[in-house]
Amino acid sequence: MNRVRIWLGALSIPLMTVPLPASAEDGYALWLKPAASSVRQMKANRLGDSATLMLAERELRHALSPDAPPVVLATASSPSLKMLGLKFKGLGDEGYLIRSVTLDGRKVILVAGNSDRGALYGAFALIRHLNTGGPAESIDLRSSPKVKLRVLNHWDNLDGSVERGYAGQSLWDWWTLPDFRDPRYTDYARANASIGINGTVLNNVNAKADSLTAPYIAKAAALADIFRPWGIRVYLSVRFSAPIELGGLKTADPRDPAVAAWWRAKADEIYRAIPDFGGFLVKANSEGQPGPRDYGASHADGANMLAAAVRDHGGIVMWRAFVYAETDPEDRAKQAYSEFKPLDGKFADNVLVQVKNGAIDFQPREPFHPLFGAMPRTPLMIEFQITKEYLGFATHLAYLGPLFTEVLDARTGHRPGETVADVVDGKAEHHKLTGMAGVANIGRDRDWSGSTFNQANWYAFGRLAWDPDLSAEAIARAWAAQTFGPDRQVIDTVTTMMMGSREAVVDYTGALGLAHLMATGHHYGPGPWVSELARPEWNPVYYHRADAAGIGFDRTESGSNAVGQYAGPVARTFAKPGTTPESMLLWFHHLPWTYRVADGRSLWEDLVAHYDRGVAYVANMQKQWGGLRDKIDAERWQKTATYLAIQNREAQWWRDASLAYWMSVNHLPLPAGVRPPEHDLAWYKAQQYPHAPGQAH
Ligand code: GCW
């Protein structure tokens, strides 16, 4: 414990104690490590005494070095600020300003917002500014979130397992809640607040009705109490058939008044326990989940009925568009658009439709979902996957910043210059209710996310949810500086490694727009040969359509015409192989193996080159990381080095297995000088991983 002196206006209160952070570099501190070991001299002056302002003050003491100028934390209503004539308009209720000012004759850094939450975000922004090399003098920063709901989706089950989670068991110990309030819950909220996340959906979208029973509401309420001062609201995923399972009703038909009444009563019960409860997230009529379609009602009927239940409490409904029907023979990439586009304008005004970034399912690369820009009368939330179900689980180093920004920056083609980010942040269609969801990669692992570099994906999601116009590289640099310290060589090297890492995964798992080539169930490792699963669209062969003559999914007019779901200019680009970006070529086109890509190579030669490039990138990351050995603490360095070695082995496995399979189909030789796969195809097919983590059950 350290003795600290705190300045409260003219009063000075000595001898208050704050705990120092744990010293081991095991990743627990995330990007929040203090810049200096001593906080003794740091002066903070807090004008106000809400719990949130106190937390903001503590953060500043914890993180800022003794020689930083004194800081004053305040809300706009504080009388002391009157004379400064600052502009708080436009900051909204979560924005902040940070200014070097003279207050009562003292030079200070003022951190202020319209609300104490704004001041808290400002405190974290000031820490970031100073810890990433920003000057301590003449500071003039202001920012407010462009997106209203910045929400993590936990796919956490009530038994403690996590669907597609690779960082250990669920953080929520449902069994000991609500009595035991694990300090990790506070640390979790603090980390989220530091990057601007303001909501969390506690349970899996593949929901059990049990989460709506009284004991589980009490457990959720305990978490909500812990998260509240950090500006974080709690949401729940709900099972659409809960009125039957819990309420004993005969139906869950959203048009049945008894069903609507059951949900209203349930919402009232939740709000009694959690007055600022955020609302519901719903996966309906998708992958076995019940929904309104079971009764011939529409997704809008279902969403609106739930929206009515939470409306008077200020709650909202996030209704997922991730649907593909059991029996629908239509190209899976088209089904969500076909189902939802006609419902534009039919949703209540406290409903957001939550759309995955791409039309299929969080693949290493997908073109942006055609619904963005196509439903102007409906707020569309974007859903990213932070956990790396398809990008190497926890072990592979794949920085997702470039994946997120590639989609956010994509032009929708609906209105001149309009990007997906414009749709998501409401600018394009003037929506006030806006949101971004990220499927969490957080678990009980000591380092929270399974690896140090996975923490960067959590961080990048939060930063982009606050401002979707940030660059992935700027975020990577800031993360590296906050995580590893100010050493220039470390920041440069780590940023370089990160920036190409997602593309490397694309390269070694299947480039040129190939997708969904993974093994069954657990989704770990390659399985491009899989063809025997019950539903056609569960099989990789459905997606790549490779045969002796060619490869790729024809989604043009001559095929499924998924291209037709995009707006004019974008559709025109994707309509022809020659104008389609090479990175999306086989997503939209079925082409002969001999097709000439831009540099004159055949498609086959190019594909092979991508596999080799992906593997080489990983080897190069190992080299780069090796060069940082003396500059990074031993624990995090060693774990990362080991994970890179695993990634190298698995990248080669992906490459070799895929090449062995493609050659069995196209009967083409490998280009001269290319190393043949280590084993024959039968060997790769025989690999089984029944205990791979994160499987659905
Ligand atoms: O990609 C699939 C995952 C499922 C997940 C589903 C979804 C929660 O493999 O595990 O279920 O997406 O997003 O609903």
# chains A, B, ... in the order shown; residues from 1 in each chain; ligands from 1
call {"tool": "residues_around", "arguments": {"residues": "Arg332 in chain A", "least_positions_apart": "5", "cutoff": "9 Å", "atoms": "only C-alpha atoms", "output": "list in words"}}
result
Val323, Tyr324, Ala325, Ala359, Ile360 and Glu537 of chain A
call {"tool": "write_last_selection", "arguments": {"atoms": "N, CA and C atoms", "output": "short mmCIF file (atom, residue, chain, number, x, y, z; two decimals), in the first residue's frame"}}
result
data_model
loop_
_atom_site.label_atom_id
_atom_site.label_comp_id
_atom_site.auth_asym_id
_atom_site.auth_seq_id
_atom_site.Cartn_x
_atom_site.Cartn_y
_atom_site.Cartn_z
N VAL A 323 -29.73 -15.01 -39.82
CA VAL A 323 -30.69 -16.09 -40.00
C VAL A 323 -30.40 -16.79 -41.33
N TYR A 324 -30.55 -18.07 -41.30
CA TYR A 324 -30.59 -18.83 -42.55
C TYR A 324 -31.44 -20.05 -42.26
N ALA A 325 -32.37 -20.29 -43.16
CA ALA A 325 -33.44 -21.24 -42.83
C ALA A 325 -33.02 -22.68 -43.07
N ALA A 359 -21.91 -11.32 -44.85
CA ALA A 359 -23.19 -12.00 -45.06
C ALA A 359 -23.19 -13.44 -44.61
N ILE A 360 -22.02 -14.01 -44.35
CA ILE A 360 -22.03 -15.41 -43.94
C ILE A 360 -21.71 -15.54 -42.45
N GLU A 537 -25.23 -26.01 -46.66
CA GLU A 537 -24.42 -24.83 -46.34
C GLU A 537 -23.57 -25.01 -45.08
#
call {"tool": "closest_atom_pairs", "arguments": {"of": "chain A", "to": "ligand 1", "cutoff": "7 Å", "atoms": "only C-alpha atoms and all ligand atoms", "output": "CSV"}}
result
residue,atom,partner,partner_atom_place_in_ligand_line,distance
A:Trp155,CA,ligand 1,8 (C),6.4
A:Glu163,CA,ligand 1,10 (O),5.9
A:Arg164,CA,ligand 1,10 (O),6.0
A:Asn204,CA,ligand 1,8 (C),6.5
A:Val205,CA,ligand 1,8 (C),5.5
A:Asn206,CA,ligand 1,8 (C),5.4
A:Lys283,CA,ligand 1,14 (O),6.6
A:Phe322,CA,ligand 1,13 (O),6.6
A:Asp361,CA,ligand 1,1 (O),5.2
A:Phe362,CA,ligand 1,1 (O),6.7
A:Ala696,CA,ligand 1,10 (O),5.5
call {"tool": "write_last_selection", "arguments": {"atoms": "N, CA and C atoms", "output": "PDB file, in the first residue's frame"}}
result
ATOM      1  N   TRP A 155     -20.778 -14.826 -25.247  1.00  0.00           N
ATOM      2  CA  TRP A 155     -21.469 -16.062 -25.594  1.00  0.00           C
ATOM      3  C   TRP A 155     -21.233 -17.058 -24.451  1.00  0.00           C
ATOM      4  N   GLU A 163     -19.202 -20.394 -25.561  1.00  0.00           N
ATOM      5  CA  GLU A 163     -19.247 -20.789 -26.971  1.00  0.00           C
ATOM      6  C   GLU A 163     -18.263 -19.933 -27.745  1.00  0.00           C
ATOM      7  N   ARG A 164     -17.375 -20.605 -28.442  1.00  0.00           N
ATOM      8  CA  ARG A 164     -16.310 -19.934 -29.216  1.00  0.00           C
ATOM      9  C   ARG A 164     -15.428 -19.077 -28.318  1.00  0.00           C
ATOM     10  N   ASN A 204     -25.021 -16.078 -23.579  1.00  0.00           N
ATOM     11  CA  ASN A 204     -24.962 -16.537 -24.973  1.00  0.00           C
ATOM     12  C   ASN A 204     -26.258 -16.244 -25.746  1.00  0.00           C
ATOM     13  N   VAL A 205     -26.115 -15.856 -26.996  1.00  0.00           N
ATOM     14  CA  VAL A 205     -27.302 -15.689 -27.851  1.00  0.00           C
ATOM     15  C   VAL A 205     -28.023 -17.014 -28.076  1.00  0.00           C
ATOM     16  N   ASN A 206     -27.281 -18.113 -27.992  1.00  0.00           N
ATOM     17  CA  ASN A 206     -27.945 -19.414 -27.935  1.00  0.00           C
ATOM     18  C   ASN A 206     -28.411 -19.558 -26.486  1.00  0.00           C
ATOM     19  N   LYS A 283     -31.457 -13.898 -30.702  1.00  0.00           N
ATOM     20  CA  LYS A 283     -31.167 -14.726 -31.875  1.00  0.00           C
ATOM     21  C   LYS A 283     -32.409 -15.580 -32.080  1.00  0.00           C
ATOM     22  N   PHE A 322     -28.806 -12.573 -38.194  1.00  0.00           N
ATOM     23  CA  PHE A 322     -28.058 -13.777 -38.583  1.00  0.00           C
ATOM     24  C   PHE A 322     -29.028 -14.951 -38.692  1.00  0.00           C
ATOM     25  N   ASP A 361     -20.451 -15.453 -42.065  1.00  0.00           N
ATOM     26  CA  ASP A 361     -20.208 -15.744 -40.659  1.00  0.00           C
ATOM     27  C   ASP A 361     -18.785 -15.483 -40.205  1.00  0.00           C
ATOM     28  N   PHE A 362     -18.390 -14.236 -40.006  1.00  0.00           N
ATOM     29  CA  PHE A 362     -17.126 -13.927 -39.336  1.00  0.00           C
ATOM     30  C   PHE A 362     -15.913 -14.630 -39.945  1.00  0.00           C
ATOM     31  N   ALA A 696     -19.793 -25.390 -29.607  1.00  0.00           N
ATOM     32  CA  ALA A 696     -21.185 -25.239 -29.195  1.00  0.00           C
ATOM     33  C   ALA A 696     -21.638 -26.548 -28.566  1.00  0.00           C
TER      34      ALA A 696
END
call {"tool": "select_by_dssp", "arguments": {"residues": "range 22-150 of chain A", "states": "strand (DSSP E or B)", "output": "PDB file with N, CA, C and O atoms, in the first residue's frame"}}
result
ATOM      1  N   ALA A  44      -4.633  15.529  -7.767  1.00  0.00           N
ATOM      2  CA  ALA A  44      -5.904  15.531  -8.480  1.00  0.00           C
ATOM      3  C   ALA A  44      -6.906  16.322  -7.666  1.00  0.00           C
ATOM      4  O   ALA A  44      -6.905  16.289  -6.444  1.00  0.00           O
ATOM      5  N   ASN A  45      -7.713  17.042  -8.350  1.00  0.00           N
ATOM      6  CA  ASN A  45      -8.690  17.894  -7.702  1.00  0.00           C
ATOM      7  C   ASN A  45     -10.029  17.555  -8.327  1.00  0.00           C
ATOM      8  O   ASN A  45     -10.221  17.739  -9.517  1.00  0.00           O
ATOM      9  N   ARG A  46     -10.894  17.036  -7.518  1.00  0.00           N
ATOM     10  CA  ARG A  46     -12.149  16.526  -8.051  1.00  0.00           C
ATOM     11  C   ARG A  46     -13.273  17.445  -7.610  1.00  0.00           C
ATOM     12  O   ARG A  46     -13.484  17.660  -6.426  1.00  0.00           O
ATOM     13  N   LEU A  47     -13.978  18.025  -8.560  1.00  0.00           N
ATOM     14  CA  LEU A  47     -15.087  18.902  -8.226  1.00  0.00           C
ATOM     15  C   LEU A  47     -16.378  18.099  -8.318  1.00  0.00           C
ATOM     16  O   LEU A  47     -17.018  18.042  -9.346  1.00  0.00           O
ATOM     17  N   VAL A  71      -4.247  17.758 -12.134  1.00  0.00           N
ATOM     18  CA  VAL A  71      -5.433  17.543 -12.955  1.00  0.00           C
ATOM     19  C   VAL A  71      -6.668  17.916 -12.148  1.00  0.00           C
ATOM     20  O   VAL A  71      -6.734  17.627 -10.957  1.00  0.00           O
ATOM     21  N   VAL A  72      -7.622  18.571 -12.789  1.00  0.00           N
ATOM     22  CA  VAL A  72      -8.906  18.839 -12.160  1.00  0.00           C
ATOM     23  C   VAL A  72      -9.977  18.073 -12.929  1.00  0.00           C
ATOM     24  O   VAL A  72     -10.074  18.179 -14.151  1.00  0.00           O
ATOM     25  N   LEU A  73     -10.735  17.294 -12.202  1.00  0.00           N
ATOM     26  CA  LEU A  73     -11.835  16.531 -12.799  1.00  0.00           C
ATOM     27  C   LEU A  73     -13.148  17.222 -12.460  1.00  0.00           C
ATOM     28  O   LEU A  73     -13.377  17.571 -11.312  1.00  0.00           O
ATOM     29  N   ALA A  74     -13.993  17.397 -13.452  1.00  0.00           N
ATOM     30  CA  ALA A  74     -15.232  18.118 -13.151  1.00  0.00           C
ATOM     31  C   ALA A  74     -16.328  17.751 -14.144  1.00  0.00           C
ATOM     32  O   ALA A  74     -16.065  17.208 -15.217  1.00  0.00           O
ATOM     33  N   THR A  75     -17.546  18.100 -13.757  1.00  0.00           N
ATOM     34  CA  THR A  75     -18.635  18.053 -14.732  1.00  0.00           C
ATOM     35  C   THR A  75     -18.988  19.486 -15.108  1.00  0.00           C
ATOM     36  O   THR A  75     -18.682  20.434 -14.369  1.00  0.00           O
ATOM     37  N   TYR A  96     -16.102  14.177 -23.628  1.00  0.00           N
ATOM     38  CA  TYR A  96     -15.227  14.853 -22.668  1.00  0.00           C
ATOM     39  C   TYR A  96     -14.428  15.927 -23.384  1.00  0.00           C
ATOM     40  O   TYR A  96     -14.303  15.925 -24.610  1.00  0.00           O
ATOM     41  N   LEU A  97     -13.907  16.855 -22.581  1.00  0.00           N
ATOM     42  CA  LEU A  97     -12.861  17.735 -23.082  1.00  0.00           C
ATOM     43  C   LEU A  97     -11.715  17.720 -22.095  1.00  0.00           C
ATOM     44  O   LEU A  97     -11.896  17.528 -20.882  1.00  0.00           O
ATOM     45  N   ILE A  98     -10.522  17.883 -22.621  1.00  0.00           N
ATOM     46  CA  ILE A  98      -9.313  17.915 -21.791  1.00  0.00           C
ATOM     47  C   ILE A  98      -8.535  19.157 -22.217  1.00  0.00           C
ATOM     48  O   ILE A  98      -8.154  19.276 -23.377  1.00  0.00           O
ATOM     49  N   ARG A  99      -8.350  20.078 -21.283  1.00  0.00           N
ATOM     50  CA  ARG A  99      -7.724  21.356 -21.646  1.00  0.00           C
ATOM     51  C   ARG A  99      -6.702  21.775 -20.602  1.00  0.00           C
ATOM     52  O   ARG A  99      -6.928  21.626 -19.402  1.00  0.00           O
ATOM     53  N   SER A 100      -5.598  22.312 -21.079  1.00  0.00           N
ATOM     54  CA  SER A 100      -4.667  22.970 -20.158  1.00  0.00           C
ATOM     55  C   SER A 100      -5.244  24.349 -19.869  1.00  0.00           C
ATOM     56  O   SER A 100      -5.403  25.152 -20.789  1.00  0.00           O
ATOM     57  N   VAL A 101      -5.603  24.605 -18.617  1.00  0.00           N
ATOM     58  CA  VAL A 101      -6.237  25.883 -18.272  1.00  0.00           C
ATOM     59  C   VAL A 101      -5.627  26.421 -16.971  1.00  0.00           C
ATOM     60  O   VAL A 101      -4.902  25.715 -16.264  1.00  0.00           O
ATOM     61  N   THR A 102      -5.955  27.677 -16.690  1.00  0.00           N
ATOM     62  CA  THR A 102      -5.587  28.222 -15.379  1.00  0.00           C
ATOM     63  C   THR A 102      -6.864  28.329 -14.558  1.00  0.00           C
ATOM     64  O   THR A 102      -7.828  28.968 -14.964  1.00  0.00           O
ATOM     65  N   LEU A 103      -6.868  27.650 -13.435  1.00  0.00           N
ATOM     66  CA  LEU A 103      -8.061  27.604 -12.598  1.00  0.00           C
ATOM     67  C   LEU A 103      -7.661  28.054 -11.199  1.00  0.00           C
ATOM     68  O   LEU A 103      -6.739  27.488 -10.607  1.00  0.00           O
ATOM     69  N   ARG A 106      -4.068  28.536 -10.711  1.00  0.00           N
ATOM     70  CA  ARG A 106      -3.148  27.403 -10.885  1.00  0.00           C
ATOM     71  C   ARG A 106      -3.224  26.878 -12.306  1.00  0.00           C
ATOM     72  O   ARG A 106      -4.311  26.782 -12.876  1.00  0.00           O
ATOM     73  N   LYS A 107      -2.093  26.497 -12.845  1.00  0.00           N
ATOM     74  CA  LYS A 107      -2.110  25.841 -14.156  1.00  0.00           C
ATOM     75  C   LYS A 107      -2.458  24.365 -13.946  1.00  0.00           C
ATOM     76  O   LYS A 107      -1.746  23.663 -13.207  1.00  0.00           O
ATOM     77  N   VAL A 108      -3.518  23.950 -14.570  1.00  0.00           N
ATOM     78  CA  VAL A 108      -3.950  22.559 -14.387  1.00  0.00           C
ATOM     79  C   VAL A 108      -4.402  21.975 -15.724  1.00  0.00           C
ATOM     80  O   VAL A 108      -4.637  22.709 -16.685  1.00  0.00           O
ATOM     81  N   ILE A 109      -4.540  20.670 -15.741  1.00  0.00           N
ATOM     82  CA  ILE A 109      -5.206  20.022 -16.871  1.00  0.00           C
ATOM     83  C   ILE A 109      -6.635  19.756 -16.414  1.00  0.00           C
ATOM     84  O   ILE A 109      -6.857  19.051 -15.421  1.00  0.00           O
ATOM     85  N   LEU A 110      -7.575  20.336 -17.132  1.00  0.00           N
ATOM     86  CA  LEU A 110      -8.979  20.127 -16.786  1.00  0.00           C
ATOM     87  C   LEU A 110      -9.528  18.954 -17.604  1.00  0.00           C
ATOM     88  O   LEU A 110      -9.364  18.900 -18.821  1.00  0.00           O
ATOM     89  N   VAL A 111     -10.160  18.028 -16.921  1.00  0.00           N
ATOM     90  CA  VAL A 111     -10.836  16.912 -17.595  1.00  0.00           C
ATOM     91  C   VAL A 111     -12.301  17.024 -17.233  1.00  0.00           C
ATOM     92  O   VAL A 111     -12.664  16.913 -16.055  1.00  0.00           O
ATOM     93  N   ALA A 112     -13.141  17.266 -18.208  1.00  0.00           N
ATOM     94  CA  ALA A 112     -14.545  17.512 -17.868  1.00  0.00           C
ATOM     95  C   ALA A 112     -15.487  16.967 -18.936  1.00  0.00           C
ATOM     96  O   ALA A 112     -15.124  16.818 -20.101  1.00  0.00           O
ATOM     97  N   GLY A 113     -16.699  16.696 -18.489  1.00  0.00           N
ATOM     98  CA  GLY A 113     -17.739  16.249 -19.408  1.00  0.00           C
ATOM     99  C   GLY A 113     -19.067  16.766 -18.909  1.00  0.00           C
ATOM    100  O   GLY A 113     -19.150  17.318 -17.808  1.00  0.00           O
ATOM    101  N   ASP A 140      -5.387  20.181 -25.663  1.00  0.00           N
ATOM    102  CA  ASP A 140      -6.712  20.629 -26.083  1.00  0.00           C
ATOM    103  C   ASP A 140      -7.372  19.490 -26.859  1.00  0.00           C
ATOM    104  O   ASP A 140      -7.255  19.392 -28.062  1.00  0.00           O
ATOM    105  N   LEU A 141      -8.039  18.635 -26.134  1.00  0.00           N
ATOM    106  CA  LEU A 141      -8.664  17.469 -26.765  1.00  0.00           C
ATOM    107  C   LEU A 141     -10.146  17.480 -26.448  1.00  0.00           C
ATOM    108  O   LEU A 141     -10.547  17.862 -25.350  1.00  0.00           O
ATOM    109  N   ARG A 142     -10.942  17.091 -27.392  1.00  0.00           N
ATOM    110  CA  ARG A 142     -12.356  16.850 -27.087  1.00  0.00           C
ATOM    111  C   ARG A 142     -12.843  15.716 -27.964  1.00  0.00           C
ATOM    112  O   ARG A 142     -12.420  15.551 -29.102  1.00  0.00           O
ATOM    113  N   SER A 143     -13.736  14.939 -27.404  1.00  0.00           N
ATOM    114  CA  SER A 143     -14.235  13.792 -28.158  1.00  0.00           C
ATOM    115  C   SER A 143     -15.549  13.325 -27.552  1.00  0.00           C
ATOM    116  O   SER A 143     -15.746  13.415 -26.342  1.00  0.00           O
ATOM    117  N   LEU A 149     -24.476   2.759 -28.518  1.00  0.00           N
ATOM    118  CA  LEU A 149     -24.366   1.506 -27.759  1.00  0.00           C
ATOM    119  C   LEU A 149     -23.098   0.781 -28.184  1.00  0.00           C
ATOM    120  O   LEU A 149     -22.987   0.337 -29.323  1.00  0.00           O
ATOM    121  N   ARG A 150     -22.155   0.677 -27.272  1.00  0.00           N
ATOM    122  CA  ARG A 150     -20.859   0.065 -27.567  1.00  0.00           C
ATOM    123  C   ARG A 150     -20.768  -1.169 -26.664  1.00  0.00           C
ATOM    124  O   ARG A 150     -20.379  -1.069 -25.498  1.00  0.00           O
TER     125      ARG A 150
END
call {"tool": "select_by_dssp", "arguments": {"residues": "range 286-510 of chain A", "states": "alpha helix (DSSP H)", "output": "ChimeraX atom specification"}}
result
/A:299-311,332-340,401-408,420-424,452-466,472-484,488-509
call {"tool": "atom_distance", "arguments": {"atom1": "CA of Leu130 in chain A", "atom2": "CA of Arg463 in chain A"}}
result
16.7 Å
call {"tool": "closest_atom_pairs", "arguments": {"of": "range 615-662 of chain A", "to": "range 398-419 of chain A", "cutoff": "12 Å", "atoms": "only C-alpha atoms", "output": "JSON lines"}}
result
{"residue": "A:Tyr617", "atom": "CA", "partner": "A:Ala398", "partner_atom": "CA", "distance": 11.3}
{"residue": "A:Val618", "atom": "CA", "partner": "A:Ala398", "partner_atom": "CA", "distance": 10.1}
{"residue": "A:Met621", "atom": "CA", "partner": "A:Ala398", "partner_atom": "CA", "distance": 11.0}
{"residue": "A:Tyr643", "atom": "CA", "partner": "A:Ala398", "partner_atom": "CA", "distance": 11.5}
{"residue": "A:Leu644", "atom": "CA", "partner": "A:Ala398", "partner_atom": "CA", "distance": 10.6}
{"residue": "A:Gln647", "atom": "CA", "partner": "A:Ala398", "partner_atom": "CA", "distance": 10.1}
